[in-house]
Amino acid sequence: MARTIQITDGTTTLDLVNSTDMEWLYGWLPQVATPTGDGSISAYVTEEIPVKVLAATDDALAASMQKLLALQACAAEYWVEPQQATPVWFYHQLESETGQRRALVKSLRLAMTDPVGDWTTEEPSARTRTGMLYVKRHPFWESPTARTFPSASPAAGVVYAYDYTAAGGGGTPAAHDIVGDVGARIEDFVVSFGSDQNGRLWRGLRSANRHGTLANFVPTWELENGTNSPAETGVTDDAGTDPNGASPGAAAGVFVKVVETDLNWDDEWHLVMSIYCSQVTANESDQFGLFLRLLRAMVTAGTWEVQLRYGYWKMVGDADYVRGRIVEINSTSWELYATDVIPMPLRDLRTVPIAIYSGDYESEWCIKIYARRTAGAGNLYLDAIYPIPLDEGFCFTSHNTTTVAYDTSVHTGPMDNTYGLVTVPAISAITDVPQVSDASWYLPVGDGRMIIAWARVASSDFTDVPTLSTRGAVDSGTYYERWLALRGAE
């Protein structure tokens with residue numbers, strides 16, 4: 001271990017420790033960014049580093065200044081020019097600090113601070129010139145070495161809880177909770193499909209630091225486990241007539257079916273069914289968070305509208321429930337529909353914490369599904385609700401598909417710009433640049449899971465099977481852990 005204070009683009013380097021160009025002087029007070037609380041990136045900070053400008057001759061002084069100016073230009077161009085792909089990094093490590101850190105440099109500036117003298121007359125060999133080096137840098141430090149995601153092979157389905165902290169194939173990479181004190185930058189995360197043409201992927205992040213026991217989280221709420229409306233005998237659980245299309249639940253392919261029998265469903269809202277938390281799990285507090293609720297549904301013909309309403313089972317009337325947006329269901333194939341962003345619980349845990357009312361009080365936190373038919377005479381099928389976490393990080397991509405095996409990857413660069421690609425490895429081709437919608441797309445500190453749901457461009461097939469973080473049958477994809485200040489031994 002040795003002290004490091006260095007600015008480099010990988011080719012040109014200013015070493016501020018024992019340098020022949022510039023040397024760090026005592027008096028540097030490192031800046032520490034303030035976390036935002038919502039997972040977004042803090043404001044960039046400017047380091048003010050007192051330096052000696054070392055040079056034996058005027059020509060040597062010019063060479064040192066040209067080196068600085070080359071790094072200045074490189075940093076400035078990287079910020080504005082997508083084709084300039086070389087970043088400038090500021091490396092730092094204390095004398096006895098185990099791990100080195102780096103931060104992206106946005107700009108560099110040197111201001112000379114000599115109290116007397118003149119650059120045009122004073123020989124540098126007669127007196128060392130001093131200056132203040134201003135380094136505007138990313139608010140977070142990151143590890144110079146990337147970690148690799150472990151590969152995973154989900155079973156056929158719609159949603160998967162991916163343990164990105166688990167060991168990879170053959171134990172490489174090793175099991176590793178995310179370290180640092182801010183979220184890790186996801187440089188490359190890939191989901192691969194064979195002939196299954198899935199053009200939409202939802203990814204939500206969830207950590208044990210904020211959300212308790214991750215293994216207790218239930219990413220699939222099977223609607224046949226709920227309670228059907230007693231006002232309509234035509235609302236029934238269809239037991240196993242669609243084993244490949246509907247998710248398994250309590251039996252192969254069970255779903256809730258709405259057939260008009262006792263009520264008029266044409267342009268009239270009626271309750272279809274209700275599902276409350278204790279019908280899904282006994283671990284209520286492990287389901288807390290903010291979620292995008294995906295609904296898997298279809299019709300046999302015509303068009304239906306569906307609305308999720310949520311509250312508590314023993315609320316006096318439906319008027320007390322929060323009403324979600326109205327979603328149109330018109331596909332005759334199973335399809336995933338983004339319904340609402342719904343929190344659980346409804347109470348503010350800062351004001352009414354679990355210490356006062358335990359998670360058991362959320363056992364009757366409830367979602368009610370209302371529906372009406374707006375065209376045709378078909379039936380409505382409801383399969384499951386999938387809660388995709390939003391509060392610790394989220395990413396959605398939508399793209400065209402190919403007829404051969406392909407990868408869908410999402411990349412976050414050093415500037416925190418996020419980019420997606422669809423590639424065909426067999427022919428080394430890029431086939432699409434997908435739409436990417438993301439928020440706080442960084443791996444939370446600690447043990448974590450990524451809840452991933454996938455669907456085709458206009459349907460959802462339960463037999464589709466992806467692989468995660470795999471290129472050429474090996475673990476792949478990378479991330480960089482980050483710190484606000486010192487890294488220490490992490």
# chains A, B, ... in the order shown; residues from 1 in each chain; ligands from 1
>>> residues_around(residues="Ile275 of chain A", least_positions_apart="4", cutoff="12 Å", atoms="only C-alpha atoms", output="list in words")
Trp221, Glu222, Leu223, Glu224, Asn225, Gly226, Thr227, Asn228, Ser229, Val256, Leu271, Gln279, Val280, Thr281, Leu308, Arg309, Tyr310, Gly311, Tyr312, Trp313, Ser363, Glu364, Trp365, Cys366, Ile367, Lys368, Ile369, Ala384 and Ile385 of chain A
>>> closest_atom_pairs(of="segment 193-228 of chain A", to="segment 285-289 of chain A", cutoff="9 Å", atoms="only C-alpha atoms", output="Markdown table")
| residue | atom | partner | partner_atom | distance |
| --- | --- | --- | --- | --- |
| A:Arg206 | CA | A:Gly289 | CA | 8.9 |
| A:His211 | CA | A:Asp286 | CA | 6.1 |
| A:Gly212 | CA | A:Asp286 | CA | 5.8 |
| A:Thr213 | CA | A:Asp286 | CA | 6.1 |
| A:Leu214 | CA | A:Asp286 | CA | 7.1 |
| A:Ala215 | CA | A:Asp286 | CA | 8.7 |
| A:Asn216 | CA | A:Asp286 | CA | 6.1 |
| A:Phe217 | CA | A:Gln287 | CA | 5.6 |
| A:Val218 | CA | A:Gln287 | CA | 7.1 |
>>> select_by_dssp(residues="segment 249-302 of chain A", states="strand (DSSP E)", output="MDAnalysis selection string")
chainID A and resid 255:258 270:276 289:299
>>> atom_distance(atom1="atom CA of Pro466 of chain A", atom2="atom CA of Phe291 of chain A")
22.8 Å
>>> select_by_dssp(residues="segment 147-367 of chain A", states="helix (DSSP H, G or I)", output="PyMOL selection string")
chain A and resi 169-171+208-211+214-216+223-225+277-279+284-287+318-320+359-362
>>> write_last_selection(atoms="C-alpha atoms", output="mmCIF file, in the first residue's frame")
data_model
loop_
_atom_site.group_PDB
_atom_site.id
_atom_site.type_symbol
_atom_site.label_atom_id
_atom_site.label_comp_id
_atom_site.auth_asym_id
_atom_site.auth_seq_id
_atom_site.Cartn_x
_atom_site.Cartn_y
_atom_site.Cartn_z
ATOM 1 C CA GLY A 169 -20.815 -20.973 -12.155
ATOM 2 C CA GLY A 170 -18.017 -23.052 -10.658
ATOM 3 C CA GLY A 171 -17.807 -20.601 -7.768
ATOM 4 C CA ALA A 208 -31.977 -6.699 2.643
ATOM 5 C CA ASN A 209 -30.741 -3.409 4.119
ATOM 6 C CA ARG A 210 -34.123 -1.816 3.515
ATOM 7 C CA HIS A 211 -36.535 -4.698 3.038
ATOM 8 C CA LEU A 214 -35.389 -11.236 0.753
ATOM 9 C CA ALA A 215 -36.263 -14.934 0.523
ATOM 10 C CA ASN A 216 -39.708 -14.122 1.980
ATOM 11 C CA LEU A 223 -55.165 -14.521 -8.236
ATOM 12 C CA GLU A 224 -56.855 -17.906 -7.790
ATOM 13 C CA ASN A 225 -55.608 -17.723 -4.194
ATOM 14 C CA CYS A 277 -51.690 -10.080 1.824
ATOM 15 C CA SER A 278 -52.299 -12.989 4.190
ATOM 16 C CA GLN A 279 -53.649 -15.011 1.249
ATOM 17 C CA GLU A 284 -46.294 -9.273 5.618
ATOM 18 C CA SER A 285 -43.473 -6.844 6.423
ATOM 19 C CA ASP A 286 -41.207 -8.550 3.856
ATOM 20 C CA GLN A 287 -43.629 -7.382 1.146
ATOM 21 C CA ASP A 318 -65.289 0.379 -1.714
ATOM 22 C CA ALA A 319 -65.353 4.169 -1.771
ATOM 23 C CA ASP A 320 -62.558 4.077 0.807
ATOM 24 C CA GLY A 359 -46.384 -6.070 10.063
ATOM 25 C CA ASP A 360 -49.235 -8.345 11.125
ATOM 26 C CA TYR A 361 -51.524 -5.341 10.819
ATOM 27 C CA GLU A 362 -50.931 -5.468 7.061
#
>>> closest_atom_pairs(of="segment 150-170 of chain A", to="segment 440-452 of chain A", cutoff="9 Å", atoms="only C-alpha atoms", output="tab-separated table")
residue	atom	partner	partner_atom	distance
A:Val158	CA	A:Ile452	CA	8.3
A:Val159	CA	A:Ile452	CA	5.4
A:Tyr160	CA	A:Ile452	CA	5.3
A:Ala161	CA	A:Ile451	CA	4.6
A:Tyr162	CA	A:Met450	CA	5.0
A:Asp163	CA	A:Arg449	CA	4.8
A:Tyr164	CA	A:Arg449	CA	6.2
A:Thr165	CA	A:Asp447	CA	6.3
>>> write_last_selection(atoms="N, CA and C atoms", output="mmCIF file, in the first residue's frame")
data_model
loop_
_atom_site.group_PDB
_atom_site.id
_atom_site.type_symbol
_atom_site.label_atom_id
_atom_site.label_comp_id
_atom_site.auth_asym_id
_atom_site.auth_seq_id
_atom_site.Cartn_x
_atom_site.Cartn_y
_atom_site.Cartn_z
ATOM 1 N N VAL A 158 -42.703 -16.155 -15.960
ATOM 2 C CA VAL A 158 -42.926 -14.756 -16.280
ATOM 3 C C VAL A 158 -42.029 -13.850 -15.451
ATOM 4 N N VAL A 159 -41.679 -14.279 -14.236
ATOM 5 C CA VAL A 159 -40.919 -13.444 -13.324
ATOM 6 C C VAL A 159 -39.897 -14.301 -12.591
ATOM 7 N N TYR A 160 -38.776 -13.654 -12.181
ATOM 8 C CA TYR A 160 -37.708 -14.398 -11.512
ATOM 9 C C TYR A 160 -37.017 -13.476 -10.528
ATOM 10 N N ALA A 161 -36.712 -13.991 -9.338
ATOM 11 C CA ALA A 161 -35.949 -13.254 -8.333
ATOM 12 C C ALA A 161 -34.477 -13.649 -8.485
ATOM 13 N N TYR A 162 -33.697 -12.789 -9.128
ATOM 14 C CA TYR A 162 -32.303 -13.076 -9.451
ATOM 15 C C TYR A 162 -31.392 -12.624 -8.315
ATOM 16 N N ASP A 163 -30.627 -13.559 -7.778
ATOM 17 C CA ASP A 163 -29.675 -13.260 -6.709
ATOM 18 C C ASP A 163 -28.343 -12.871 -7.336
ATOM 19 N N TYR A 164 -28.124 -11.578 -7.514
ATOM 20 C CA TYR A 164 -26.878 -11.129 -8.132
ATOM 21 C C TYR A 164 -25.719 -11.113 -7.136
ATOM 22 N N THR A 165 -25.989 -11.452 -5.873
ATOM 23 C CA THR A 165 -24.916 -11.562 -4.883
ATOM 24 C C THR A 165 -24.491 -13.013 -4.666
#
>>> residues_around(residues="segment 478-488 of chain A", least_positions_apart="4", cutoff="8 Å", atoms="only C-alpha atoms", output="count of residues only")
32
>>> closest_residue(among="A:His411, A:Lys257, A:Lys52, A:Arg203", to="Tyr26 of chain A", atoms="only C-alpha atoms")
A:Lys52
>>> atom_distance(atom1="atom CA of Thr233 of chain A", atom2="atom CA of Thr339 of chain A")
25.9 Å
>>> residues_around(residues="Cys395 of chain A", least_positions_apart="4", cutoff="9 Å", atoms="only C-alpha atoms", output="ChimeraX atom specification")
/A:201-205,390,410,436-441
>>> write_last_selection(atoms="N, CA and C atoms", output="mmCIF file, in the first residue's frame")
data_model
loop_
_atom_site.group_PDB
_atom_site.id
_atom_site.type_symbol
_atom_site.label_atom_id
_atom_site.label_comp_id
_atom_site.auth_asym_id
_atom_site.auth_seq_id
_atom_site.Cartn_x
_atom_site.Cartn_y
_atom_site.Cartn_z
ATOM 1 N N LEU A 201 -38.755 -6.080 -20.940
ATOM 2 C CA LEU A 201 -38.216 -6.570 -19.677
ATOM 3 C C LEU A 201 -38.347 -5.492 -18.610
ATOM 4 N N TRP A 202 -38.869 -5.896 -17.456
ATOM 5 C CA TRP A 202 -38.960 -5.042 -16.282
ATOM 6 C C TRP A 202 -37.956 -5.570 -15.258
ATOM 7 N N ARG A 203 -37.170 -4.681 -14.665
ATOM 8 C CA ARG A 203 -36.178 -5.094 -13.677
ATOM 9 C C ARG A 203 -36.295 -4.161 -12.473
ATOM 10 N N GLY A 204 -36.514 -4.712 -11.290
ATOM 11 C CA GLY A 204 -36.587 -3.924 -10.067
ATOM 12 C C GLY A 204 -35.620 -4.458 -9.030
ATOM 13 N N LEU A 205 -34.997 -3.571 -8.273
ATOM 14 C CA LEU A 205 -33.975 -3.952 -7.300
ATOM 15 C C LEU A 205 -34.514 -3.871 -5.873
ATOM 16 N N LEU A 390 -39.725 -0.654 -7.142
ATOM 17 C CA LEU A 390 -39.330 0.620 -7.723
ATOM 18 C C LEU A 390 -38.439 1.449 -6.809
ATOM 19 N N VAL A 410 -28.153 -3.789 -20.802
ATOM 20 C CA VAL A 410 -28.286 -2.411 -20.333
ATOM 21 C C VAL A 410 -26.953 -1.998 -19.738
ATOM 22 N N VAL A 436 -35.058 2.776 -23.156
ATOM 23 C CA VAL A 436 -34.706 2.467 -21.767
ATOM 24 C C VAL A 436 -35.355 3.501 -20.857
ATOM 25 N N SER A 437 -36.106 3.026 -19.882
ATOM 26 C CA SER A 437 -36.660 3.889 -18.839
ATOM 27 C C SER A 437 -36.118 3.382 -17.517
ATOM 28 N N ASP A 438 -35.414 4.244 -16.776
ATOM 29 C CA ASP A 438 -34.799 3.776 -15.542
ATOM 30 C C ASP A 438 -34.855 4.850 -14.472
ATOM 31 N N ALA A 439 -34.730 4.404 -13.240
ATOM 32 C CA ALA A 439 -34.660 5.293 -12.083
ATOM 33 C C ALA A 439 -33.770 4.629 -11.040
ATOM 34 N N SER A 440 -32.746 5.344 -10.601
ATOM 35 C CA SER A 440 -31.817 4.837 -9.571
ATOM 36 C C SER A 440 -31.321 3.442 -9.927
ATOM 37 N N TRP A 441 -30.898 3.255 -11.170
ATOM 38 C CA TRP A 441 -30.490 1.932 -11.644
ATOM 39 C C TRP A 441 -29.067 1.628 -11.185
#
>>> closest_residue(among="A:Thr374, A:Gln83, A:Ser331, A:Ser247", to="Ala156 of chain A", atoms="only C-alpha atoms")
A:Ser247
>>> residues_around(residues="Cys74 of chain A", least_positions_apart="4", cutoff="8 Å", atoms="only C-alpha atoms", output="PyMOL selection string")
chain A and resi 9+70+78+86-88
>>> write_last_selection(atoms="N, CA and C atoms", output="PDB file, in the first residue's frame")
ATOM      1  N   ASP A   9      -5.550   9.403 -18.080  1.00  0.00           N
ATOM      2  CA  ASP A   9      -6.479   8.876 -19.076  1.00  0.00           C
ATOM      3  C   ASP A   9      -6.030   7.505 -19.562  1.00  0.00           C
ATOM      4  N   ALA A  70      -3.377  18.385 -22.117  1.00  0.00           N
ATOM      5  CA  ALA A  70      -3.889  17.205 -22.824  1.00  0.00           C
ATOM      6  C   ALA A  70      -4.972  16.513 -21.998  1.00  0.00           C
ATOM      7  N   TYR A  78     -14.586  14.226 -23.557  1.00  0.00           N
ATOM      8  CA  TYR A  78     -15.344  13.053 -23.107  1.00  0.00           C
ATOM      9  C   TYR A  78     -16.747  13.464 -22.657  1.00  0.00           C
ATOM     10  N   THR A  86     -12.552   7.932 -24.188  1.00  0.00           N
ATOM     11  CA  THR A  86     -11.514   7.796 -23.168  1.00  0.00           C
ATOM     12  C   THR A  86     -11.786   8.752 -22.015  1.00  0.00           C
ATOM     13  N   PRO A  87     -12.138   8.247 -20.838  1.00  0.00           N
ATOM     14  CA  PRO A  87     -12.369   9.127 -19.693  1.00  0.00           C
ATOM     15  C   PRO A  87     -11.057   9.484 -19.001  1.00  0.00           C
ATOM     16  N   VAL A  88     -11.102  10.527 -18.228  1.00  0.00           N
ATOM     17  CA  VAL A  88      -9.995  10.889 -17.353  1.00  0.00           C
ATOM     18  C   VAL A  88     -10.411  10.554 -15.924  1.00  0.00           C
TER      19      VAL A  88
END
>>> residues_around(residues="Leu263 of chain A", least_positions_apart="3", cutoff="10 Å", atoms="only C-alpha atoms", output="number ranges by chain")
A: 231-234, 259-260, 266, 268, 270
>>> write_last_selection(atoms="N, CA and C atoms", output="PDB file, in the first residue's frame")
ATOM      1  N   ALA A 231     -71.174 -11.982  -5.771  1.00  0.00           N
ATOM      2  CA  ALA A 231     -72.325 -11.456  -6.508  1.00  0.00           C
ATOM      3  C   ALA A 231     -72.444 -12.026  -7.906  1.00  0.00           C
ATOM      4  N   GLU A 232     -71.415 -12.750  -8.372  1.00  0.00           N
ATOM      5  CA  GLU A 232     -71.430 -13.277  -9.734  1.00  0.00           C
ATOM      6  C   GLU A 232     -70.929 -14.721  -9.720  1.00  0.00           C
ATOM      7  N   THR A 233     -71.861 -15.644  -9.971  1.00  0.00           N
ATOM      8  CA  THR A 233     -71.469 -17.056  -9.986  1.00  0.00           C
ATOM      9  C   THR A 233     -70.605 -17.384 -11.188  1.00  0.00           C
ATOM     10  N   GLY A 234     -70.575 -16.466 -12.168  1.00  0.00           N
ATOM     11  CA  GLY A 234     -69.747 -16.677 -13.350  1.00  0.00           C
ATOM     12  C   GLY A 234     -68.284 -16.358 -13.134  1.00  0.00           C
ATOM     13  N   VAL A 259     -67.277 -14.970 -16.589  1.00  0.00           N
ATOM     14  CA  VAL A 259     -68.301 -15.281 -17.587  1.00  0.00           C
ATOM     15  C   VAL A 259     -69.603 -14.639 -17.132  1.00  0.00           C
ATOM     16  N   GLU A 260     -70.177 -13.770 -17.944  1.00  0.00           N
ATOM     17  CA  GLU A 260     -71.410 -13.079 -17.555  1.00  0.00           C
ATOM     18  C   GLU A 260     -72.523 -14.086 -17.267  1.00  0.00           C
ATOM     19  N   ASP A 266     -71.614  -5.323 -19.238  1.00  0.00           N
ATOM     20  CA  ASP A 266     -71.422  -4.373 -20.331  1.00  0.00           C
ATOM     21  C   ASP A 266     -71.519  -2.944 -19.815  1.00  0.00           C
ATOM     22  N   GLU A 268     -70.656  -1.682 -17.153  1.00  0.00           N
ATOM     23  CA  GLU A 268     -70.956  -1.541 -15.730  1.00  0.00           C
ATOM     24  C   GLU A 268     -69.815  -2.144 -14.914  1.00  0.00           C
ATOM     25  N   HIS A 270     -68.074  -3.946 -11.948  1.00  0.00           N
ATOM     26  CA  HIS A 270     -68.401  -4.909 -10.898  1.00  0.00           C
ATOM     27  C   HIS A 270     -67.110  -5.469 -10.312  1.00  0.00           C
TER      28      HIS A 270
END
>>> atom_distance(atom1="atom CA of Val341 of chain A", atom2="atom CA of Ser460 of chain A")
20.6 Å
>>> closest_residue(among="A:Tyr406, A:Tyr276, A:Tyr381, A:Phe255", to="Val190 of chain A", atoms="only C-alpha atoms")
A:Tyr406
>>> closest_residue(among="A:Arg293, A:Leu380, A:Val457, A:Met315", to="Thr236 of chain A", atoms="only C-alpha atoms")
A:Leu380
